[in-house]
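Working notes, beginning with the structure itself.
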Amino acid sequence: MRLVLTRNHAEAEDLVQETYVRAMQAMARLRAGSNMKGWLFTILRNIWFNQLRKRRNGPQTVEIEVWDDVANSVAEPHDLYVSKLETEQVRAAIQELPVQFREIILLREYEDLSYREIASILHCPVGTVMSRLGRTRAKLRTLLAATWIGSSKERFK
């Protein structure tokens, strides 16, 4: 989840490190029997939102990543390549979602949290989690359908 939120590997590592530092400082306040995973996600999410607020007021920078997947994928079997391509398309579609939809799909599908755990982390009712997740999945289907249709048209030109 951290990499999808930050969209940058180095920033994701920093986010996790800061989460653990803050968790260690607050460990005495954690109640016995608490949901440790949910507690850590809440800390991570709060740190991330604080960083976003700081960035809005600071100078804007743009990072360009160079991908060498084409050269590396030549030696891969076709099925592995297709699976990797689909995974990248799903990740790209998730990145296009607004933050509230992106984080809910990540918590449910990638972190495998229950609706109740997600509701606790996001501080909203379980019903809101369920409806937001339904809207998120519908948006993803639309984005992916457009991506897959567009890529198949390119292949047949």
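Going through the structure tokens in order, the chains are called A, B, and so on, while each chain numbers its residues from 1 and the ligands are numbered from 1 in the order shown.
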
Self-check item: Exercise: stretch 40-45 of chain A partners within 9 Å, only C-alpha atoms, chain neighbours under 3 positions left out, as a ChimeraX atom specification
Solution: /A:2,5,15-16,18-20,22-23,35-37,48-50,107,120-122

Practice problem: Show which residues sit within 7 Å of stretch 87-104 of chain A, as JSON, numbers by chain. Count only C-alpha atoms, and ignore same-chain residues fewer than 2 positions away. | Solution: {"A": [83, 84, 85, 106, 107, 108, 132, 133, 136, 140, 143, 144]}

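Distances from A:Glu86, A:Arg55, A:Gly38, A:Arg31 to A:Ser114 were compared using only C-alpha atoms, and the smallest one belongs to A:Gly38.
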